[in-house]
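As structure tokens, the structure follows; a few thoughts come after it.
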Amino acid sequence: TMDIVLTGTGSPLPDANRAGPSTLIKVDNCHVLVDAGRGVVMRMAGAGSLPIFLRAVLLTHLHSDHICDLNDVITTHWVMSQGNATLPIYGPPGTQDFVERQMHALEADIGYRIEHHDALTNGPQVEVVELSSGYQFELDELSVSTAATEHAPVKPTLGYRIEHGEVAAAIVGDTLPCQGVDELARHADAYVQTVIRSDLVSLSPNSMLLDILDYHSDLEQAAKTAARANAKRLVLTHMVPAPSEDQYSEWIAIAQEHFSGEIVIGADLTTVSL
């Protein structure tokens, strides 16, 4: 069984009930975290996981809302493993620089803990691998492939397809519809997509909010991609504006106009089991 846990369905807009963007994949004892937004370690605990259980972290892009709690993942992994485990971090070019800067930001804390705990003799051990589109690699029994997505001016950006046996999940991050997303989502059992409601966002008088219209899939576009790729399920996350539970049916109805498969929408820790 592959469990896809929506550990963070929020966005940069602070929300008391929705953590920042992240998704946890669990297959037996192999846990893989995609992105590491606000509150991710708390939500991992709620999902029955912890940073020390992670086989890897995969980053889709370097927007702050997707990576702002990576430092918490790194530090918690380090302390809980007593410095004896390495955390693999995969992401687009720029990931190495970002992680190194995180380490510099944590220098004081790292020094304090090494001085205080005999068990800690060195700082956090991380292994960063920068990926390009079309890259494939294995994480234990999981097969991971990448494709380029479109989120300009953020570039490069990556989406991931994670396969285990006959089961496949596509987690594509923030992107417009594009060839890369179509490739990742093709015949996927679950296609996880950041979505916005362009009809609602466009009503805002805030010019910075209006700017998000040109680099995110809206709900209709996500549904059309799911249909075009012949995915079995469309899983909605990073929803803007965040719906209340009584609005879920409206979002589902809009998507159903373009996609006949299952549509999953919910709160943080919503889980899809494949």
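Every chain in the structure tokens has a letter given in the order shown (A, B, ...), and although residue numbers restart at 1 in each chain, ligands are simply numbered from 1 in the order shown.
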Long-range neighbours of A:Gln136 as a list in words, 9 Å cut-off, only C-alpha atoms, 4 positions minimum in chain: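 Counting only C-alpha atoms, the residues come to Ser143, Val144, Ser145 and Thr146 of chain A.
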Okay, now the selection with all heavy atoms, as a PDB file, in the first residue's frame?
```pdb
ATOM      1  N   SER A 143      10.476   3.963  -7.071  1.00  0.00           N
ATOM      2  CA  SER A 143      11.125   4.503  -8.262  1.00  0.00           C
ATOM      3  C   SER A 143      10.620   5.929  -8.462  1.00  0.00           C
ATOM      4  O   SER A 143       9.405   6.171  -8.467  1.00  0.00           O
ATOM      5  CB  SER A 143      10.796   3.648  -9.482  1.00  0.00           C
ATOM      6  OG  SER A 143      11.342   4.222 -10.652  1.00  0.00           O
ATOM      7  N   VAL A 144      11.545   6.877  -8.589  1.00  0.00           N
ATOM      8  CA  VAL A 144      11.183   8.291  -8.686  1.00  0.00           C
ATOM      9  C   VAL A 144      11.679   8.835 -10.019  1.00  0.00           C
ATOM     10  O   VAL A 144      12.824   8.597 -10.411  1.00  0.00           O
ATOM     11  CB  VAL A 144      11.808   9.103  -7.533  1.00  0.00           C
ATOM     12  CG1 VAL A 144      11.349  10.565  -7.599  1.00  0.00           C
ATOM     13  CG2 VAL A 144      11.447   8.501  -6.183  1.00  0.00           C
ATOM     14  N   SER A 145      10.812   9.562 -10.715  1.00  0.00           N
ATOM     15  CA  SER A 145      11.220  10.238 -11.943  1.00  0.00           C
ATOM     16  C   SER A 145      10.785  11.693 -11.885  1.00  0.00           C
ATOM     17  O   SER A 145       9.852  12.057 -11.160  1.00  0.00           O
ATOM     18  CB  SER A 145      10.635   9.539 -13.175  1.00  0.00           C
ATOM     19  OG  SER A 145       9.233   9.426 -13.081  1.00  0.00           O
ATOM     20  N   THR A 146      11.481  12.533 -12.636  1.00  0.00           N
ATOM     21  CA  THR A 146      11.228  13.973 -12.597  1.00  0.00           C
ATOM     22  C   THR A 146      10.856  14.491 -13.980  1.00  0.00           C
ATOM     23  O   THR A 146      11.204  13.891 -15.006  1.00  0.00           O
ATOM     24  CB  THR A 146      12.476  14.739 -12.123  1.00  0.00           C
ATOM     25  OG1 THR A 146      13.512  14.601 -13.113  1.00  0.00           O
ATOM     26  CG2 THR A 146      12.988  14.220 -10.794  1.00  0.00           C
TER      27      THR A 146
END
```
Stretch 100-199 of chain A: residues DSSP assigns to helix (DSSP H, G or I), reported as number ranges by chain: A: 100-105, 107-116, 179-185, 198-199
Non-local contacts of A:Pro92 (8 Å; only C-alpha atoms; under 4 positions in same chain excluded) as a list in words: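 Counting only the stated atoms, we get Leu59, Thr60, His61, Glu130, Leu131, Ser132, Pro156, Thr157 and Leu158 of chain A.
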Produce a file of the selected residues containing all heavy atoms, as a compact mmCIF listing (two decimals), in the first residue's frame.
```
# COMPACT_ATOMS: atom_id res chain seq x y z
N LEU A 59 12.30 18.32 -3.13
CA LEU A 59 11.82 19.70 -3.25
C LEU A 59 11.40 19.97 -4.69
O LEU A 59 12.13 19.62 -5.63
CB LEU A 59 12.91 20.69 -2.84
CG LEU A 59 13.46 20.54 -1.42
CD1 LEU A 59 14.53 21.60 -1.16
CD2 LEU A 59 12.34 20.64 -0.38
N THR A 60 10.24 20.59 -4.84
CA THR A 60 9.76 20.93 -6.19
C THR A 60 10.36 22.24 -6.69
O THR A 60 10.65 22.38 -7.87
CB THR A 60 8.23 21.03 -6.23
OG1 THR A 60 7.80 22.06 -5.32
CG2 THR A 60 7.58 19.71 -5.86
N HIS A 61 10.53 23.20 -5.78
CA HIS A 61 11.11 24.49 -6.16
C HIS A 61 11.45 25.26 -4.88
O HIS A 61 11.13 24.82 -3.77
CB HIS A 61 10.18 25.28 -7.07
CG HIS A 61 8.88 25.71 -6.47
ND1 HIS A 61 7.92 24.83 -6.01
CD2 HIS A 61 8.36 26.95 -6.23
CE1 HIS A 61 6.89 25.51 -5.54
NE2 HIS A 61 7.14 26.79 -5.64
N GLU A 130 21.17 17.53 -6.74
CA GLU A 130 20.42 18.44 -7.61
C GLU A 130 20.01 17.70 -8.88
O GLU A 130 20.82 17.00 -9.50
CB GLU A 130 21.26 19.67 -7.94
CG GLU A 130 21.52 20.54 -6.71
CD GLU A 130 22.13 21.89 -7.02
OE1 GLU A 130 22.72 22.06 -8.11
OE2 GLU A 130 22.02 22.78 -6.16
N LEU A 131 18.75 17.83 -9.23
CA LEU A 131 18.14 17.05 -10.29
C LEU A 131 17.79 17.92 -11.49
O LEU A 131 17.49 19.10 -11.35
CB LEU A 131 16.85 16.38 -9.79
CG LEU A 131 16.97 15.49 -8.56
CD1 LEU A 131 15.58 15.06 -8.11
CD2 LEU A 131 17.83 14.28 -8.85
N SER A 132 17.76 17.28 -12.63
CA SER A 132 17.25 17.92 -13.83
C SER A 132 16.03 17.15 -14.31
O SER A 132 15.72 16.07 -13.81
CB SER A 132 18.32 17.96 -14.92
OG SER A 132 18.81 16.66 -15.17
N PRO A 156 14.75 26.56 -12.31
CA PRO A 156 13.87 25.49 -12.79
C PRO A 156 12.98 24.96 -11.68
O PRO A 156 13.29 25.11 -10.50
CB PRO A 156 14.86 24.43 -13.25
CG PRO A 156 16.06 24.64 -12.38
CD PRO A 156 16.13 26.11 -12.09
N THR A 157 11.86 24.39 -12.08
CA THR A 157 10.95 23.75 -11.13
C THR A 157 10.71 22.31 -11.59
O THR A 157 10.77 22.01 -12.79
CB THR A 157 9.61 24.49 -11.04
OG1 THR A 157 9.00 24.58 -12.35
CG2 THR A 157 9.81 25.91 -10.50
N LEU A 158 10.46 21.43 -10.61
CA LEU A 158 10.33 20.00 -10.91
C LEU A 158 9.05 19.43 -10.33
O LEU A 158 8.60 19.85 -9.27
CB LEU A 158 11.50 19.22 -10.30
CG LEU A 158 12.90 19.45 -10.85
CD1 LEU A 158 13.91 18.70 -9.99
CD2 LEU A 158 13.00 19.01 -12.30
```
Contacts of A:Ser11 within 9 Å, only C-alpha atoms, excl. fewer than 3 positions in-chain, as a PyMOL selection string: chain A and resi 8+14-15+18-21+37-38+65-66+237-242
Non-local contacts of A:Ala227 (7 Å; only C-alpha atoms; under 4 positions in same chain excluded) as JSON, numbers by chain: {"A": [223, 231, 258, 259]}
I need the residues from that last selection saved to file as a compact mmCIF listing (two decimals), in the first residue's frame (with C-alpha atoms), if you can.
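File result-v8.txt, as written:
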```txt
# COMPACT_ATOMS: atom_id res chain seq x y z
CA ALA A 223 -9.28 18.76 -13.90
CA ALA A 231 -5.28 9.83 -14.13
CA HIS A 258 -13.97 18.28 -16.85
CA PHE A 259 -12.88 15.06 -15.09
```
Contacts of A:Thr225 at 10 Å (only C-alpha atoms; same-chain gap of 2+ positions) as a PyMOL selection string: chain A and resi 176-179+181-182+185-186+191+193+217+219-223+227-231+234+258-259
Could you dump the residues just selected with N, CA, C and O atoms as a CSV table (one decimal), in the first residue's frame?
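part_33.csv, freshly written:
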```csv
chain,number,residue,atom,x,y,z
A,176,LEU,N,1.7,25.7,-14.0
A,176,LEU,CA,0.7,25.7,-15.1
A,176,LEU,C,0.6,24.4,-15.7
A,176,LEU,O,1.5,23.5,-15.6
A,177,PRO,N,-0.5,24.1,-16.5
A,177,PRO,CA,-0.5,22.9,-17.3
A,177,PRO,C,0.6,22.9,-18.3
A,177,PRO,O,0.9,24.0,-18.8
A,178,CYS,N,1.3,21.8,-18.4
A,178,CYS,CA,2.4,21.7,-19.3
A,178,CYS,C,2.7,20.3,-19.7
A,178,CYS,O,2.2,19.4,-19.0
A,179,GLN,N,3.6,20.1,-20.6
A,179,GLN,CA,4.0,18.7,-21.0
A,179,GLN,C,4.5,17.9,-19.9
A,179,GLN,O,4.2,16.7,-19.8
A,181,VAL,N,3.9,18.0,-16.7
A,181,VAL,CA,2.8,17.5,-15.8
A,181,VAL,C,2.1,16.4,-16.5
A,181,VAL,O,1.7,15.4,-15.8
A,182,ASP,N,1.8,16.6,-17.7
A,182,ASP,CA,1.1,15.5,-18.5
A,182,ASP,C,1.8,14.2,-18.4
A,182,ASP,O,1.3,13.1,-18.2
A,185,ALA,N,1.7,12.7,-14.8
A,185,ALA,CA,0.3,12.3,-14.3
A,185,ALA,C,-0.3,11.2,-15.2
A,185,ALA,O,-1.3,10.7,-14.9
A,186,ARG,N,0.4,10.8,-16.3
A,186,ARG,CA,-0.2,9.9,-17.2
A,186,ARG,C,-0.5,8.5,-16.5
A,186,ARG,O,0.4,7.9,-16.0
A,191,TYR,N,-3.0,12.0,-8.9
A,191,TYR,CA,-2.3,13.2,-9.4
A,191,TYR,C,-2.6,14.3,-8.4
A,191,TYR,O,-3.7,14.8,-8.3
A,193,GLN,N,-2.2,18.1,-7.2
A,193,GLN,CA,-1.9,19.4,-7.9
A,193,GLN,C,-2.3,20.5,-7.0
A,193,GLN,O,-3.4,20.6,-6.4
A,217,SER,N,-2.0,26.4,-11.8
A,217,SER,CA,-3.2,25.8,-12.4
A,217,SER,C,-4.4,26.2,-11.6
A,217,SER,O,-4.4,26.1,-10.4
A,219,LEU,N,-8.5,25.4,-10.9
A,219,LEU,CA,-9.3,24.1,-10.7
A,219,LEU,C,-9.7,23.5,-12.0
A,219,LEU,O,-9.5,22.3,-12.1
A,220,GLU,N,-10.2,24.3,-12.9
A,220,GLU,CA,-10.6,23.7,-14.2
A,220,GLU,C,-9.4,23.1,-15.0
A,220,GLU,O,-9.5,22.0,-15.6
A,221,GLN,N,-8.3,23.9,-15.0
A,221,GLN,CA,-7.1,23.4,-15.7
A,221,GLN,C,-6.6,22.1,-15.1
A,221,GLN,O,-6.2,21.2,-15.8
A,222,ALA,N,-6.6,22.0,-13.7
A,222,ALA,CA,-6.1,20.8,-13.1
A,222,ALA,C,-7.0,19.6,-13.5
A,222,ALA,O,-6.6,18.5,-13.7
A,223,ALA,N,-8.3,19.8,-13.5
A,223,ALA,CA,-9.3,18.8,-13.9
A,223,ALA,C,-9.1,18.3,-15.3
A,223,ALA,O,-9.1,17.1,-15.7
A,227,ALA,N,-7.9,14.6,-16.8
A,227,ALA,CA,-8.6,13.9,-17.8
A,227,ALA,C,-7.7,13.6,-19.0
A,227,ALA,O,-7.7,12.5,-19.5
A,228,ARG,N,-6.9,14.6,-19.4
A,228,ARG,CA,-6.0,14.4,-20.6
A,228,ARG,C,-5.0,13.3,-20.3
A,228,ARG,O,-4.6,12.5,-21.1
A,229,ALA,N,-4.5,13.3,-19.0
A,229,ALA,CA,-3.5,12.3,-18.6
A,229,ALA,C,-4.1,11.0,-18.3
A,229,ALA,O,-3.4,10.0,-18.0
A,230,ASN,N,-5.4,10.9,-18.2
A,230,ASN,CA,-6.1,9.6,-17.8
A,230,ASN,C,-5.7,9.2,-16.4
A,230,ASN,O,-5.5,8.0,-16.2
A,231,ALA,N,-5.6,10.2,-15.5
A,231,ALA,CA,-5.3,9.8,-14.1
A,231,ALA,C,-6.5,9.3,-13.5
A,231,ALA,O,-7.7,9.6,-13.9
A,234,LEU,N,-7.8,12.9,-9.0
A,234,LEU,CA,-7.2,14.3,-8.8
A,234,LEU,C,-7.3,14.6,-7.4
A,234,LEU,O,-8.3,14.7,-6.8
A,258,HIS,N,-15.0,18.6,-15.9
A,258,HIS,CA,-14.0,18.3,-16.9
A,258,HIS,C,-13.3,16.9,-16.6
A,258,HIS,O,-12.5,16.5,-17.4
A,259,PHE,N,-13.6,16.3,-15.5
A,259,PHE,CA,-12.9,15.1,-15.1
A,259,PHE,C,-13.9,14.1,-14.4
A,259,PHE,O,-14.5,14.5,-13.5
```
Stretch 105-118 of chain A environment, 9 Å, only C-alpha atoms, sequence neighbours closer than 4 positions dropped, as a ChimeraX atom specification: /A:71,75,79,100-101,122-124
Could you save those same residues with all heavy atoms as a CSV table (one decimal), in the first residue's frame?
```csv
chain,number,residue,atom,x,y,z
A,71,ASN,N,14.6,23.7,7.6
A,71,ASN,CA,15.5,23.8,8.7
A,71,ASN,C,15.0,22.9,9.9
A,71,ASN,O,15.8,22.3,10.6
A,71,ASN,CB,15.8,25.2,9.1
A,71,ASN,CG,14.6,26.0,9.6
A,71,ASN,OD1,13.5,25.5,9.4
A,71,ASN,ND2,14.8,27.1,10.2
A,75,THR,N,17.1,19.9,11.5
A,75,THR,CA,17.5,19.9,12.9
A,75,THR,C,16.9,18.7,13.7
A,75,THR,O,17.6,18.0,14.4
A,75,THR,CB,17.1,21.2,13.5
A,75,THR,OG1,17.8,22.3,12.8
A,75,THR,CG2,17.5,21.3,15.0
A,79,VAL,N,19.0,15.8,15.6
A,79,VAL,CA,18.9,15.5,17.0
A,79,VAL,C,18.3,14.1,17.4
A,79,VAL,O,18.9,13.4,18.2
A,79,VAL,CB,18.1,16.6,17.7
A,79,VAL,CG1,17.8,16.3,19.2
A,79,VAL,CG2,18.8,18.0,17.6
A,100,GLU,N,23.0,24.8,2.2
A,100,GLU,CA,24.3,25.3,2.8
A,100,GLU,C,24.0,26.6,3.6
A,100,GLU,O,24.5,26.8,4.7
A,100,GLU,CB,25.3,25.6,1.8
A,100,GLU,CG,26.0,24.3,1.2
A,100,GLU,CD,27.0,24.6,0.1
A,100,GLU,OE1,27.3,25.8,-0.2
A,100,GLU,OE2,27.5,23.6,-0.4
A,101,ARG,N,23.1,27.5,3.1
A,101,ARG,CA,22.7,28.7,3.8
A,101,ARG,C,21.9,28.4,5.0
A,101,ARG,O,22.0,29.1,6.0
A,101,ARG,CB,22.0,29.6,2.8
A,101,ARG,CG,22.9,30.2,1.7
A,101,ARG,CD,22.1,30.9,0.7
A,101,ARG,NE,23.0,31.4,-0.4
A,101,ARG,CZ,22.7,31.5,-1.7
A,101,ARG,NH1,21.4,31.2,-2.1
A,101,ARG,NH2,23.5,32.0,-2.5
A,122,ASN,N,29.2,16.1,15.7
A,122,ASN,CA,29.3,16.9,14.4
A,122,ASN,C,27.9,17.4,14.1
A,122,ASN,O,26.9,17.0,14.7
A,122,ASN,CB,29.8,16.0,13.2
A,122,ASN,CG,29.1,14.7,13.2
A,122,ASN,OD1,29.6,13.7,13.6
A,122,ASN,ND2,27.8,14.6,12.6
A,123,GLY,N,27.8,18.3,13.1
A,123,GLY,CA,26.6,19.0,12.8
A,123,GLY,C,25.7,18.0,11.9
A,123,GLY,O,26.1,16.9,11.7
A,124,PRO,N,24.6,18.5,11.5
A,124,PRO,CA,23.6,17.7,10.7
A,124,PRO,C,24.3,17.2,9.4
A,124,PRO,O,25.0,17.9,8.8
A,124,PRO,CB,22.5,18.7,10.3
A,124,PRO,CG,22.6,19.7,11.4
A,124,PRO,CD,24.0,19.9,11.8
```
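For the atom pair formed by atom CA of A:Leu6 and atom CA of A:Ser22, the distance is 6.7 Å, given to one decimal.
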Residue set, stretch 97-211 of chain A restricted to strand (DSSP E), as a PyMOL selection string: chain A and resi 125-130+136-139+142-148+158-164+167-171+190-196
Distance in Å - atom CA of A:His77 versus atom CA of A:Ala36: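 Between atom CA of A:His77 and atom CA of A:Ala36 the gap works out to 13.2 Å.
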